[in-house]
Amino acid sequence: MSAEQPLIADLFEVDKRLTLKPVVDFNAYLRNAFGDGPCRCHRCVEGNGDENGYAHRHSFELEGRTLHRRFASTAGSDVLMALKKAWLSYTKAELITVGALDMATLKSFTDTALHERLLALLPASGLARESEGQWQLQVLAD
């Protein structure tokens, strides 16, 4: 019976790093990065929601509904700042801000329910792009 106890304990053990404030704040940030309904900016309203020619998407189909990106709080620099804090808190290492992004580590401290939002926000904010199955952090313009 004692051999089973460690297995049972592992099933219910929660990584304490997930409760650190910067990690919790990052997940809250992802929850609040999108608003309900399609984008209502002047470009989207004038173009009847046609986003052809946009550098970054405005509206998304996520979680079975239409959401829009909240531009005031989701610029690439805003996303990077929240990500850097959570990354440092969770990994105890600085995030390398240009080059390959370790998505396995990023997803390990992002709530599973928020992965879809994360994968939409990274390219929409201009912070990262996916190329040949690898996510790359990009240099942000000032």
# chains A, B, ... in the order shown; residues from 1 in each chain; ligands from 1

call {"tool": "residues_around", "arguments": {"residues": "Met103 in chain A", "least_positions_apart": "5", "cutoff": "12 Å", "atoms": "only C-alpha atoms", "output": "ChimeraX atom specification"}}
result
/A:83,87,108-110,115,118-119,122,128-130,133-137

call {"tool": "write_last_selection", "arguments": {"atoms": "N, CA and C atoms", "output": "mmCIF file, in the first residue's frame"}}
result
data_model
loop_
_atom_site.group_PDB
_atom_site.id
_atom_site.type_symbol
_atom_site.label_atom_id
_atom_site.label_comp_id
_atom_site.auth_asym_id
_atom_site.auth_seq_id
_atom_site.Cartn_x
_atom_site.Cartn_y
_atom_site.Cartn_z
ATOM 1 N N LEU A 83 4.385 38.561 -20.173
ATOM 2 C CA LEU A 83 5.041 37.273 -20.395
ATOM 3 C C LEU A 83 6.385 37.200 -19.675
ATOM 4 N N TRP A 87 7.282 34.454 -16.942
ATOM 5 C CA TRP A 87 8.383 33.550 -17.316
ATOM 6 C C TRP A 87 9.452 33.527 -16.220
ATOM 7 N N SER A 108 3.054 25.408 -20.073
ATOM 8 C CA SER A 108 3.037 24.761 -18.762
ATOM 9 C C SER A 108 2.565 25.711 -17.661
ATOM 10 N N PHE A 109 2.721 27.019 -17.846
ATOM 11 C CA PHE A 109 2.203 27.942 -16.827
ATOM 12 C C PHE A 109 0.997 28.748 -17.305
ATOM 13 N N THR A 110 0.485 28.384 -18.469
ATOM 14 C CA THR A 110 -0.742 29.002 -18.978
ATOM 15 C C THR A 110 -1.887 28.014 -18.773
ATOM 16 N N HIS A 115 -5.025 28.356 -23.764
ATOM 17 C CA HIS A 115 -4.049 28.100 -24.825
ATOM 18 C C HIS A 115 -4.509 28.668 -26.164
ATOM 19 N N LEU A 118 -3.922 32.338 -26.135
ATOM 20 C CA LEU A 118 -2.480 32.588 -26.216
ATOM 21 C C LEU A 118 -1.994 32.479 -27.656
ATOM 22 N N LEU A 119 -2.393 31.412 -28.344
ATOM 23 C CA LEU A 119 -1.950 31.191 -29.720
ATOM 24 C C LEU A 119 -2.526 32.212 -30.693
ATOM 25 N N LEU A 122 -0.405 35.945 -29.536
ATOM 26 C CA LEU A 122 1.018 36.107 -29.868
ATOM 27 C C LEU A 122 1.233 36.713 -31.256
ATOM 28 N N ALA A 128 5.085 37.491 -31.654
ATOM 29 C CA ALA A 128 5.674 36.228 -32.120
ATOM 30 C C ALA A 128 4.950 35.755 -33.371
ATOM 31 N N ARG A 129 5.631 34.890 -34.093
ATOM 32 C CA ARG A 129 5.010 34.261 -35.267
ATOM 33 C C ARG A 129 5.447 32.805 -35.303
ATOM 34 N N GLU A 130 4.626 32.008 -35.948
ATOM 35 C CA GLU A 130 4.957 30.592 -36.097
ATOM 36 C C GLU A 130 5.537 30.378 -37.480
ATOM 37 N N GLY A 133 6.450 25.271 -37.734
ATOM 38 C CA GLY A 133 6.163 24.586 -36.480
ATOM 39 C C GLY A 133 6.888 25.127 -35.266
ATOM 40 N N GLN A 134 7.709 26.148 -35.433
ATOM 41 C CA GLN A 134 8.459 26.744 -34.321
ATOM 42 C C GLN A 134 8.000 28.188 -34.125
ATOM 43 N N TRP A 135 7.710 28.561 -32.887
ATOM 44 C CA TRP A 135 7.337 29.938 -32.579
ATOM 45 C C TRP A 135 8.591 30.774 -32.378
ATOM 46 N N GLN A 136 8.603 31.953 -32.990
ATOM 47 C CA GLN A 136 9.736 32.866 -32.918
ATOM 48 C C GLN A 136 9.285 34.197 -32.330
ATOM 49 N N LEU A 137 9.968 34.659 -31.282
ATOM 50 C CA LEU A 137 9.737 36.001 -30.776
ATOM 51 C C LEU A 137 10.386 36.979 -31.749
#

call {"tool": "select_by_dssp", "arguments": {"residues": "range 31-64 of chain A", "states": "strand (DSSP E)", "output": "count of residues only"}}
result
7

call {"tool": "select_by_dssp", "arguments": {"residues": "range 15-103 of chain A", "states": "helix (DSSP H, G or I)", "output": "PyMOL selection string"}}
result
chain A and resi 16-19+21-32+42-46+71-73+76-91+103

call {"tool": "write_last_selection", "arguments": {"atoms": "N, CA and C atoms", "output": "short mmCIF file (atom, residue, chain, number, x, y, z; two decimals), in the first residue's frame"}}
result
data_model
loop_
_atom_site.label_atom_id
_atom_site.label_comp_id
_atom_site.auth_asym_id
_atom_site.auth_seq_id
_atom_site.Cartn_x
_atom_site.Cartn_y
_atom_site.Cartn_z
N LYS A 16 3.35 24.46 -7.28
CA LYS A 16 3.17 25.70 -6.52
C LYS A 16 3.56 26.94 -7.33
N ARG A 17 4.39 26.76 -8.34
CA ARG A 17 4.78 27.91 -9.17
C ARG A 17 3.58 28.49 -9.92
N LEU A 18 2.53 27.69 -10.12
CA LEU A 18 1.35 28.17 -10.84
C LEU A 18 0.55 29.17 -10.02
N THR A 19 0.82 29.25 -8.72
CA THR A 19 0.10 30.19 -7.86
C THR A 19 0.88 31.47 -7.62
N LYS A 21 2.15 35.15 -8.12
CA LYS A 21 1.38 36.30 -8.61
C LYS A 21 1.61 36.63 -10.08
N PRO A 22 2.86 36.70 -10.57
CA PRO A 22 3.04 37.01 -12.00
C PRO A 22 2.42 35.96 -12.93
N VAL A 23 2.42 34.70 -12.52
CA VAL A 23 1.81 33.64 -13.34
C VAL A 23 0.29 33.78 -13.32
N VAL A 24 -0.27 34.02 -12.15
CA VAL A 24 -1.71 34.24 -12.03
C VAL A 24 -2.12 35.48 -12.83
N ASP A 25 -1.31 36.54 -12.72
CA ASP A 25 -1.60 37.77 -13.46
C ASP A 25 -1.54 37.56 -14.97
N PHE A 26 -0.59 36.75 -15.44
CA PHE A 26 -0.49 36.47 -16.88
C PHE A 26 -1.75 35.75 -17.38
N ASN A 27 -2.23 34.78 -16.62
CA ASN A 27 -3.44 34.07 -17.02
C ASN A 27 -4.66 35.00 -16.99
N ALA A 28 -4.73 35.89 -16.01
CA ALA A 28 -5.81 36.88 -15.97
C ALA A 28 -5.71 37.83 -17.16
N TYR A 29 -4.48 38.21 -17.51
CA TYR A 29 -4.25 39.07 -18.66
C TYR A 29 -4.79 38.42 -19.94
N LEU A 30 -4.50 37.12 -20.13
CA LEU A 30 -5.01 36.41 -21.31
C LEU A 30 -6.54 36.35 -21.31
N ARG A 31 -7.13 36.15 -20.15
CA ARG A 31 -8.60 36.11 -20.05
C ARG A 31 -9.22 37.43 -20.49
N ASN A 32 -8.53 38.53 -20.16
CA ASN A 32 -9.07 39.87 -20.43
C ASN A 32 -8.56 40.50 -21.72
N HIS A 42 -13.01 51.68 -36.29
CA HIS A 42 -13.52 52.36 -37.50
C HIS A 42 -13.16 51.60 -38.77
N ARG A 43 -11.97 50.99 -38.84
CA ARG A 43 -11.58 50.23 -40.04
C ARG A 43 -12.49 49.02 -40.24
N CYS A 44 -12.77 48.30 -39.17
CA CYS A 44 -13.61 47.11 -39.29
C CYS A 44 -15.07 47.48 -39.59
N VAL A 45 -15.54 48.57 -38.99
CA VAL A 45 -16.92 49.01 -39.25
C VAL A 45 -17.06 49.46 -40.70
N GLU A 46 -16.10 50.26 -41.18
CA GLU A 46 -16.15 50.75 -42.56
C GLU A 46 -16.00 49.62 -43.57
N PHE A 71 -7.18 46.31 -28.16
CA PHE A 71 -5.94 46.93 -28.61
C PHE A 71 -5.26 47.76 -27.53
N ALA A 72 -6.03 48.41 -26.68
CA ALA A 72 -5.45 49.31 -25.68
C ALA A 72 -4.54 48.58 -24.70
N SER A 73 -4.74 47.28 -24.53
CA SER A 73 -3.94 46.56 -23.55
C SER A 73 -3.17 45.37 -24.13
N GLY A 76 2.19 44.56 -28.60
CA GLY A 76 3.26 43.60 -28.41
C GLY A 76 4.06 43.85 -27.15
N SER A 77 4.32 45.12 -26.84
CA SER A 77 5.10 45.46 -25.65
C SER A 77 4.34 45.10 -24.37
N ASP A 78 3.00 45.23 -24.38
CA ASP A 78 2.20 44.86 -23.22
C ASP A 78 2.23 43.34 -23.00
N VAL A 79 2.08 42.60 -24.08
CA VAL A 79 2.11 41.14 -23.99
C VAL A 79 3.49 40.69 -23.51
N LEU A 80 4.53 41.29 -24.07
CA LEU A 80 5.90 40.94 -23.68
C LEU A 80 6.15 41.21 -22.20
N MET A 81 5.69 42.33 -21.71
CA MET A 81 5.90 42.67 -20.31
C MET A 81 5.23 41.64 -19.38
N ALA A 82 3.99 41.27 -19.68
CA ALA A 82 3.29 40.28 -18.86
C ALA A 82 3.96 38.92 -18.96
N LEU A 83 4.38 38.56 -20.17
CA LEU A 83 5.04 37.27 -20.40
C LEU A 83 6.38 37.20 -19.67
N LYS A 84 7.18 38.26 -19.75
CA LYS A 84 8.49 38.27 -19.11
C LYS A 84 8.38 38.09 -17.60
N LYS A 85 7.42 38.74 -16.98
CA LYS A 85 7.23 38.62 -15.53
C LYS A 85 6.85 37.20 -15.15
N ALA A 86 5.89 36.63 -15.88
CA ALA A 86 5.45 35.26 -15.58
C ALA A 86 6.57 34.26 -15.85
N TRP A 87 7.28 34.45 -16.94
CA TRP A 87 8.38 33.55 -17.32
C TRP A 87 9.45 33.53 -16.22
N LEU A 88 9.87 34.71 -15.78
CA LEU A 88 10.89 34.81 -14.75
C LEU A 88 10.42 34.17 -13.45
N SER A 89 9.19 34.43 -13.09
CA SER A 89 8.65 33.88 -11.86
C SER A 89 8.57 32.36 -11.90
N TYR A 90 8.13 31.82 -13.03
CA TYR A 90 7.93 30.37 -13.17
C TYR A 90 9.24 29.63 -13.37
N THR A 91 10.13 30.16 -14.21
CA THR A 91 11.34 29.42 -14.59
C THR A 91 12.58 29.85 -13.81
N MET A 103 7.49 26.95 -26.40
CA MET A 103 6.05 26.89 -26.19
C MET A 103 5.67 25.86 -25.13
#

call {"tool": "closest_residue", "arguments": {"among": "A:Ala124, A:Thr97, A:Gly64, A:Asp102", "to": "Gln138 in chain A", "atoms": "only C-alpha atoms"}}
result
A:Thr97

call {"tool": "residues_around", "arguments": {"residues": "Leu62 in chain A", "least_positions_apart": "3", "cutoff": "10 Å", "atoms": "only C-alpha atoms", "output": "short mmCIF file (atom, residue, chain, number, x, y, z; two decimals) with C-alpha atoms, in the first residue's frame"}}
result
data_model
loop_
_atom_site.label_atom_id
_atom_site.label_comp_id
_atom_site.auth_asym_id
_atom_site.auth_seq_id
_atom_site.Cartn_x
_atom_site.Cartn_y
_atom_site.Cartn_z
CA PHE A 34 -10.29 39.77 -25.79
CA SER A 59 -11.55 39.50 -34.71
CA ARG A 65 -17.68 32.47 -30.29
CA THR A 66 -16.51 35.67 -31.94
CA LEU A 67 -14.11 37.80 -29.90
CA HIS A 68 -12.11 40.93 -30.66
CA LEU A 114 -6.38 29.81 -22.33
CA GLU A 116 -6.30 29.05 -27.75
CA ARG A 117 -6.25 32.71 -26.68
CA ALA A 120 -4.18 33.92 -31.17
#

call {"tool": "closest_residue", "arguments": {"among": "A:Ala93, A:Val139, A:Ala113, A:Leu101", "to": "Glu63 in chain A", "atoms": "only C-alpha atoms"}}
result
A:Ala113

call {"tool": "closest_residue", "arguments": {"among": "A:Val14, A:Leu20, A:Leu127, A:Ala55", "to": "Thr74 in chain A", "atoms": "only C-alpha atoms"}}
result
A:Leu127

call {"tool": "closest_residue", "arguments": {"among": "A:Ala33, A:Leu95, A:Ala104, A:Cys39", "to": "Arg70 in chain A", "atoms": "only C-alpha atoms"}}
result
A:Ala33

call {"tool": "decode", "arguments": {"residues": "range 110-126 of chain A", "atoms": "N, CA and C atoms", "output": "CSV table (one decimal), in the first residue's frame"}}
result
chain,number,residue,atom,x,y,z
A,110,THR,N,0.5,28.4,-18.5
A,110,THR,CA,-0.7,29.0,-19.0
A,110,THR,C,-1.9,28.0,-18.8
A,111,ASP,N,-3.0,28.5,-18.2
A,111,ASP,CA,-4.2,27.6,-18.0
A,111,ASP,C,-4.5,27.0,-19.4
A,112,THR,N,-4.8,25.7,-19.3
A,112,THR,CA,-5.1,24.9,-20.5
A,112,THR,C,-6.3,25.6,-21.3
A,113,ALA,N,-7.2,26.1,-20.6
A,113,ALA,CA,-8.4,26.7,-21.2
A,113,ALA,C,-8.0,28.0,-22.0
A,114,LEU,N,-6.8,28.6,-21.7
A,114,LEU,CA,-6.4,29.8,-22.3
A,114,LEU,C,-5.4,29.6,-23.5
A,115,HIS,N,-5.0,28.4,-23.8
A,115,HIS,CA,-4.0,28.1,-24.8
A,115,HIS,C,-4.5,28.7,-26.2
A,116,GLU,N,-5.8,28.5,-26.5
A,116,GLU,CA,-6.3,29.0,-27.8
A,116,GLU,C,-6.1,30.6,-27.8
A,117,ARG,N,-6.4,31.2,-26.7
A,117,ARG,CA,-6.3,32.7,-26.7
A,117,ARG,C,-4.8,33.1,-26.8
A,118,LEU,N,-3.9,32.3,-26.1
A,118,LEU,CA,-2.5,32.6,-26.2
A,118,LEU,C,-2.0,32.5,-27.7
A,119,LEU,N,-2.4,31.4,-28.3
A,119,LEU,CA,-1.9,31.2,-29.7
A,119,LEU,C,-2.5,32.2,-30.7
A,120,ALA,N,-3.6,32.8,-30.3
A,120,ALA,CA,-4.2,33.9,-31.2
A,120,ALA,C,-3.5,35.3,-30.9
A,121,LEU,N,-3.2,35.5,-29.6
A,121,LEU,CA,-2.7,36.8,-29.2
A,121,LEU,C,-1.2,37.0,-29.6
A,122,LEU,N,-0.4,35.9,-29.5
A,122,LEU,CA,1.0,36.1,-29.9
A,122,LEU,C,1.2,36.7,-31.3
A,123,PRO,N,0.6,36.2,-32.3
A,123,PRO,CA,0.8,36.8,-33.6
A,123,PRO,C,0.0,38.1,-33.8
A,124,ALA,N,-1.2,38.1,-33.2
A,124,ALA,CA,-2.0,39.3,-33.4
A,124,ALA,C,-1.4,40.6,-32.8
A,125,SER,N,-0.6,40.4,-31.7
A,125,SER,CA,0.1,41.5,-31.1
A,125,SER,C,1.4,41.9,-31.8
A,126,GLY,N,1.9,41.0,-32.7
A,126,GLY,CA,3.1,41.2,-33.4
A,126,GLY,C,4.3,40.7,-32.5
